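What follows is a set of notes on a single structure, which appears directly below.
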Amino acid sequence: MITLELEHFDLAQICGSGQCFRMEKMQENRYKVLAADQYLEIEQQGKIVTFCCTQEVFLCFWLFYFDLDCDYQTYLDRINPRDKYLNAAAEKGEGIRILQQDLWEMIVSFLISQQNNIVRIRKCIENICERYGEKKRTPEGTEYYAFPTPEALAGATEEELRNCNLGYRAKYVLKTAEAVASGEVSLERIQDMSYKKAKQELMGLYGVGEKVADCICLFALHHIDAFPVDTHIRQALEQHYKRGFPNRRYKGIRGIMQQYIFYYELTKTESE
């Protein structure tokens with residue numbers, strides 16, 4: 001186990017921020033996280049966070065995944081003190097981290113996310129993991145499923161994927177899996193691209209539009225200038241930034257600000 005004292009880190013906020021779909025609350029202050037082929041149980045008491053894994057796994061995977069090398073205070077310090085709305089949003093979600101997730105998993109997850117709600121997205125992903133992912137077991141004996149490989153999903157039929165509750169998105173996932181599995185699309189090349197080029201390349205995938213491409217850039221490739229615009233963000237921009245979001249001020253970190261706004265709007269909607 002690894003125990004750390006962390007600033008600007010809140011498991012509940014990260015879980016509820018809409019960037020990952022295989023993280024869930026187990027009990028008060030304790031969560032489980034499935035990512036790629038890894039499983040983690042993690043607990044938080046105030047600023048004290050305990051990662052239930054070996055030091056090797058923590059250093060090789062979870063340190064990177066939770067973006068723990070970044071000082072989020074530097075991002076918060078850049079917020080315009082006169083921007084009451086953004087300050088309120090950042091205060092509400094100051095424990096959010098931009099997770100550095102597996103590219104393939106994020107492509108599939110955000111293809112599935114289109115015109116969908118978080119509960120359904122989680123269930124769809126759980127279904128394809130159980131059907132097409134490799135069954136694994138932790139040293140403690142907990143069974144779980146790795147995220148399915150492109151080859152595994154490419155071997156499915158559209159009807160089989162529809163039976164996993166993917167609906168019309170089944171075609172998006174299947175065609176994209178076939179493109180990656182055949183080598184027509186190289187995930188390694190995309191990972192080495194700049195934000196602008198990666199976004200353009202992702203939008204060439206079947207079913208990937210601008211918003212989904214930006215989500216993948218932000219949550220998998222860690223291009224933190226990506227600024228996905230969905231309904232929540234669009235409404236916030238129309239209400240609070242009639243002249244447009246101050247992109248120049250936040251150049252290079254717009255994705256961090258997007259997450260504060262998104263979480264703020266999401267929690268306001270849930271409480272209404």
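Ligands are numbered from 1 in the order shown, chains are lettered A, B, ... in the order of the structure tokens, and residues start at 1 in each chain.
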*When DSSP works through the backbone of this structure, what residues of segment 84-239 of chain A end up as alpha helix (DSSP H), shown as a ChimeraX atom specification?*
/A:84-92,103-112,118-132,150-154,158-161,169-181,187-191,195-202,210-219,231-239
Could you build a table of the residues in segment 49-141 of chain A lying no more than 12 Å from segment 187-201 of chain A, giving for each the nearest pair of atoms and their separation in Å rounded to one decimal place, using only C-alpha atoms, ordered by chain and ascending residue number, as a Markdown table?
| residue | atom | partner | partner_atom | distance |
| --- | --- | --- | --- | --- |
| A:Gln100 | CA | A:Gln191 | CA | 11.8 |
| A:Gln101 | CA | A:Gln191 | CA | 11.7 |
| A:Asp102 | CA | A:Gln191 | CA | 10.2 |
| A:Leu103 | CA | A:Leu187 | CA | 7.3 |
| A:Trp104 | CA | A:Leu187 | CA | 7.4 |
| A:Glu105 | CA | A:Leu187 | CA | 11.2 |
| A:Met106 | CA | A:Leu187 | CA | 11.6 |
| A:Ile107 | CA | A:Leu187 | CA | 10.1 |
*Residue contacts of Ile253 of chain A (12 Å, only C-alpha atoms) excluding same-chain residues fewer than 4 positions away, as a ChimeraX atom specification*: /A:72,74-79,98,218,222-227,246-249,257-260
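The spacing separating atom CA of Asn29 of chain A from atom CA of Ile42 of chain A amounts to 8.4 Å.
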*Where in segment 42-231 of chain A does DSSP assign strand (DSSP E or B), given as a list in words?*
Ile42, Glu43, Gln44, Gln45, Ile48, Val49, Thr50, Phe51, Lys135, Lys136, Arg137, Glu143, Tyr144 and Tyr145 of chain A
Generate the output file for the selected residues, N, CA and C atoms, as a JSON list (two decimals), in the first residue's frame.
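Once everything was written out, this is result18.json:
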[["chain", "number", "residue", "atom", "x", "y", "z"],
["A", 42, "ILE", "N", -8.84, 2.36, -3.72],
["A", 42, "ILE", "CA", -8.20, 3.60, -3.23],
["A", 42, "ILE", "C", -9.11, 4.26, -2.20],
["A", 43, "GLU", "N", -8.52, 4.77, -1.16],
["A", 43, "GLU", "CA", -9.28, 5.33, -0.04],
["A", 43, "GLU", "C", -8.75, 6.72, 0.30],
["A", 44, "GLN", "N", -9.65, 7.59, 0.72],
["A", 44, "GLN", "CA", -9.25, 8.96, 1.06],
["A", 44, "GLN", "C", -9.89, 9.40, 2.36],
["A", 45, "GLN", "N", -9.07, 9.95, 3.24],
["A", 45, "GLN", "CA", -9.52, 10.59, 4.48],
["A", 45, "GLN", "C", -8.91, 11.98, 4.50],
["A", 48, "ILE", "N", -5.31, 12.63, 3.06],
["A", 48, "ILE", "CA", -4.54, 11.39, 3.10],
["A", 48, "ILE", "C", -5.19, 10.36, 2.18],
["A", 49, "VAL", "N", -4.42, 9.92, 1.20],
["A", 49, "VAL", "CA", -4.92, 9.01, 0.17],
["A", 49, "VAL", "C", -4.10, 7.72, 0.19],
["A", 50, "THR", "N", -4.79, 6.59, 0.25],
["A", 50, "THR", "CA", -4.12, 5.29, 0.29],
["A", 50, "THR", "C", -4.43, 4.51, -0.97],
["A", 51, "PHE", "N", -3.38, 4.15, -1.69],
["A", 51, "PHE", "CA", -3.48, 3.35, -2.92],
["A", 51, "PHE", "C", -3.17, 1.90, -2.55],
["A", 135, "LYS", "N", -10.38, -11.89, -18.57],
["A", 135, "LYS", "CA", -10.69, -12.03, -17.14],
["A", 135, "LYS", "C", -9.39, -12.08, -16.36],
["A", 136, "LYS", "N", -9.33, -11.25, -15.31],
["A", 136, "LYS", "CA", -8.09, -11.16, -14.53],
["A", 136, "LYS", "C", -8.42, -11.29, -13.05],
["A", 137, "ARG", "N", -7.36, -11.46, -12.25],
["A", 137, "ARG", "CA", -7.54, -11.62, -10.81],
["A", 137, "ARG", "C", -6.42, -10.86, -10.09],
["A", 143, "GLU", "N", -11.74, -10.72, -8.82],
["A", 143, "GLU", "CA", -11.82, -10.93, -10.26],
["A", 143, "GLU", "C", -12.33, -9.65, -10.95],
["A", 144, "TYR", "N", -11.78, -9.37, -12.11],
["A", 144, "TYR", "CA", -12.23, -8.21, -12.89],
["A", 144, "TYR", "C", -11.90, -8.47, -14.36],
["A", 145, "TYR", "N", -12.36, -7.56, -15.22],
["A", 145, "TYR", "CA", -12.12, -7.72, -16.65],
["A", 145, "TYR", "C", -11.31, -6.54, -17.19]]
Contacts of segment 96-141 of chain A with segment 212-215 of chain A up to 10 Å, shortest pair per row, only C-alpha atoms, as JSON lines:
{"residue": "A:Met106", "atom": "CA", "partner": "A:Cys215", "partner_atom": "CA", "distance": 8.2}
{"residue": "A:Ile107", "atom": "CA", "partner": "A:Val212", "partner_atom": "CA", "distance": 8.2}
{"residue": "A:Ser109", "atom": "CA", "partner": "A:Val212", "partner_atom": "CA", "distance": 9.6}
{"residue": "A:Phe110", "atom": "CA", "partner": "A:Val212", "partner_atom": "CA", "distance": 5.9}
{"residue": "A:Leu111", "atom": "CA", "partner": "A:Val212", "partner_atom": "CA", "distance": 7.0}
{"residue": "A:Ile112", "atom": "CA", "partner": "A:Val212", "partner_atom": "CA", "distance": 9.9}
{"residue": "A:Ser113", "atom": "CA", "partner": "A:Val212", "partner_atom": "CA", "distance": 8.5}
{"residue": "A:Gln114", "atom": "CA", "partner": "A:Val212", "partner_atom": "CA", "distance": 8.0}
*Find, counting only C-alpha atoms, the residue in A:Phe147, A:Tyr250, A:Phe61, A:Tyr85 that gets nearest to Asn127 of chain A.*
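That would be A:Phe147, the residue with the smallest distance to Asn127 of chain A.
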*asked:* I'd like the neighbourhood of segment 170-180 of chain A as a ChimeraX atom specification, where a residue qualifies if any of its atoms comes within 9 Å (using only C-alpha atoms), though same-chain residues fewer than 5 positions away should be ignored.
replied: /A:107-108,111-112,149-162,164-165,185-187,205-208
Suppose we keep N, CA, C and O atoms; can you now write the selection as a tab-separated table (two decimals), in the first residue's frame?
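Saved to selection.tsv:
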chain	number	residue	atom	x	y	z
A	107	ILE	N	-11.19	6.14	-26.72
A	107	ILE	CA	-11.85	6.22	-28.02
A	107	ILE	C	-13.19	5.48	-27.96
A	107	ILE	O	-14.24	6.02	-28.34
A	108	VAL	N	-13.17	4.26	-27.46
A	108	VAL	CA	-14.40	3.46	-27.39
A	108	VAL	C	-15.39	4.08	-26.40
A	108	VAL	O	-16.59	4.20	-26.69
A	111	LEU	N	-17.00	7.15	-27.91
A	111	LEU	CA	-17.92	6.77	-28.98
A	111	LEU	C	-19.26	6.34	-28.37
A	111	LEU	O	-20.33	6.72	-28.84
A	112	ILE	N	-19.18	5.56	-27.30
A	112	ILE	CA	-20.38	5.07	-26.61
A	112	ILE	C	-21.12	6.21	-25.90
A	112	ILE	O	-22.33	6.17	-25.74
A	149	THR	N	-9.41	-5.49	-26.19
A	149	THR	CA	-8.45	-5.01	-27.20
A	149	THR	C	-9.18	-4.66	-28.49
A	149	THR	O	-10.31	-5.12	-28.72
A	150	PRO	N	-8.55	-3.90	-29.37
A	150	PRO	CA	-9.16	-3.63	-30.69
A	150	PRO	C	-9.46	-4.93	-31.43
A	150	PRO	O	-10.51	-5.05	-32.08
A	151	GLU	N	-8.55	-5.90	-31.32
A	151	GLU	CA	-8.74	-7.18	-32.02
A	151	GLU	C	-9.97	-7.91	-31.50
A	151	GLU	O	-10.73	-8.50	-32.28
A	152	ALA	N	-10.17	-7.88	-30.18
A	152	ALA	CA	-11.33	-8.57	-29.59
A	152	ALA	C	-12.63	-7.93	-30.06
A	152	ALA	O	-13.59	-8.64	-30.41
A	153	LEU	N	-12.68	-6.61	-30.10
A	153	LEU	CA	-13.91	-5.93	-30.53
A	153	LEU	C	-14.10	-6.04	-32.04
A	153	LEU	O	-15.23	-6.12	-32.53
A	154	ALA	N	-13.01	-6.09	-32.78
A	154	ALA	CA	-13.11	-6.24	-34.24
A	154	ALA	C	-13.67	-7.62	-34.60
A	154	ALA	O	-14.25	-7.80	-35.68
A	155	GLY	N	-13.50	-8.57	-33.70
A	155	GLY	CA	-14.01	-9.92	-33.93
A	155	GLY	C	-15.49	-10.08	-33.60
A	155	GLY	O	-16.07	-11.14	-33.85
A	156	ALA	N	-16.09	-9.03	-33.06
A	156	ALA	CA	-17.53	-9.07	-32.74
A	156	ALA	C	-18.34	-8.72	-33.98
A	156	ALA	O	-17.80	-8.22	-34.97
A	157	THR	N	-19.64	-8.99	-33.91
A	157	THR	CA	-20.53	-8.52	-34.97
A	157	THR	C	-21.26	-7.29	-34.46
A	157	THR	O	-21.32	-7.04	-33.24
A	158	GLU	N	-21.81	-6.52	-35.38
A	158	GLU	CA	-22.56	-5.33	-34.96
A	158	GLU	C	-23.75	-5.72	-34.08
A	158	GLU	O	-24.04	-5.04	-33.09
A	159	GLU	N	-24.39	-6.83	-34.42
A	159	GLU	CA	-25.53	-7.28	-33.62
A	159	GLU	C	-25.12	-7.65	-32.20
A	159	GLU	O	-25.82	-7.33	-31.24
A	160	GLU	N	-23.98	-8.30	-32.08
A	160	GLU	CA	-23.49	-8.68	-30.74
A	160	GLU	C	-23.21	-7.43	-29.89
A	160	GLU	O	-23.50	-7.40	-28.70
A	161	LEU	N	-22.64	-6.42	-30.53
A	161	LEU	CA	-22.36	-5.18	-29.80
A	161	LEU	C	-23.66	-4.44	-29.45
A	161	LEU	O	-23.77	-3.84	-28.38
A	162	ARG	N	-24.63	-4.50	-30.33
A	162	ARG	CA	-25.95	-3.93	-30.01
A	162	ARG	C	-26.56	-4.64	-28.80
A	162	ARG	O	-27.22	-4.00	-27.97
A	164	CYS	N	-25.04	-5.59	-26.34
A	164	CYS	CA	-24.37	-5.03	-25.14
A	164	CYS	C	-24.92	-3.65	-24.81
A	164	CYS	O	-24.31	-2.89	-24.05
A	165	ASN	N	-26.07	-3.32	-25.43
A	165	ASN	CA	-26.77	-2.04	-25.21
A	165	ASN	C	-26.09	-0.84	-25.87
A	165	ASN	O	-26.34	0.30	-25.47
A	185	VAL	N	-5.29	2.41	-38.83
A	185	VAL	CA	-5.12	3.52	-37.89
A	185	VAL	C	-4.09	3.11	-36.84
A	185	VAL	O	-4.19	2.02	-36.26
A	186	SER	N	-3.10	3.95	-36.60
A	186	SER	CA	-2.04	3.66	-35.62
A	186	SER	C	-2.23	4.50	-34.37
A	186	SER	O	-2.12	5.73	-34.40
A	187	LEU	N	-2.54	3.84	-33.26
A	187	LEU	CA	-2.70	4.55	-31.98
A	187	LEU	C	-1.36	5.15	-31.54
A	187	LEU	O	-1.33	6.23	-30.94
A	205	LEU	N	-11.84	9.05	-37.64
A	205	LEU	CA	-12.40	7.76	-37.24
A	205	LEU	C	-13.92	7.79	-37.40
A	205	LEU	O	-14.56	8.83	-37.19
A	206	TYR	N	-14.48	6.66	-37.73
A	206	TYR	CA	-15.93	6.57	-37.97
A	206	TYR	C	-16.70	6.90	-36.69
A	206	TYR	O	-16.50	6.27	-35.66
A	207	GLY	N	-17.54	7.91	-36.76
A	207	GLY	CA	-18.38	8.27	-35.61
A	207	GLY	C	-17.78	9.29	-34.66
A	207	GLY	O	-18.42	9.69	-33.70
A	208	VAL	N	-16.55	9.73	-34.93
A	208	VAL	CA	-15.90	10.70	-34.04
A	208	VAL	C	-16.07	12.12	-34.58
A	208	VAL	O	-15.55	12.45	-35.65
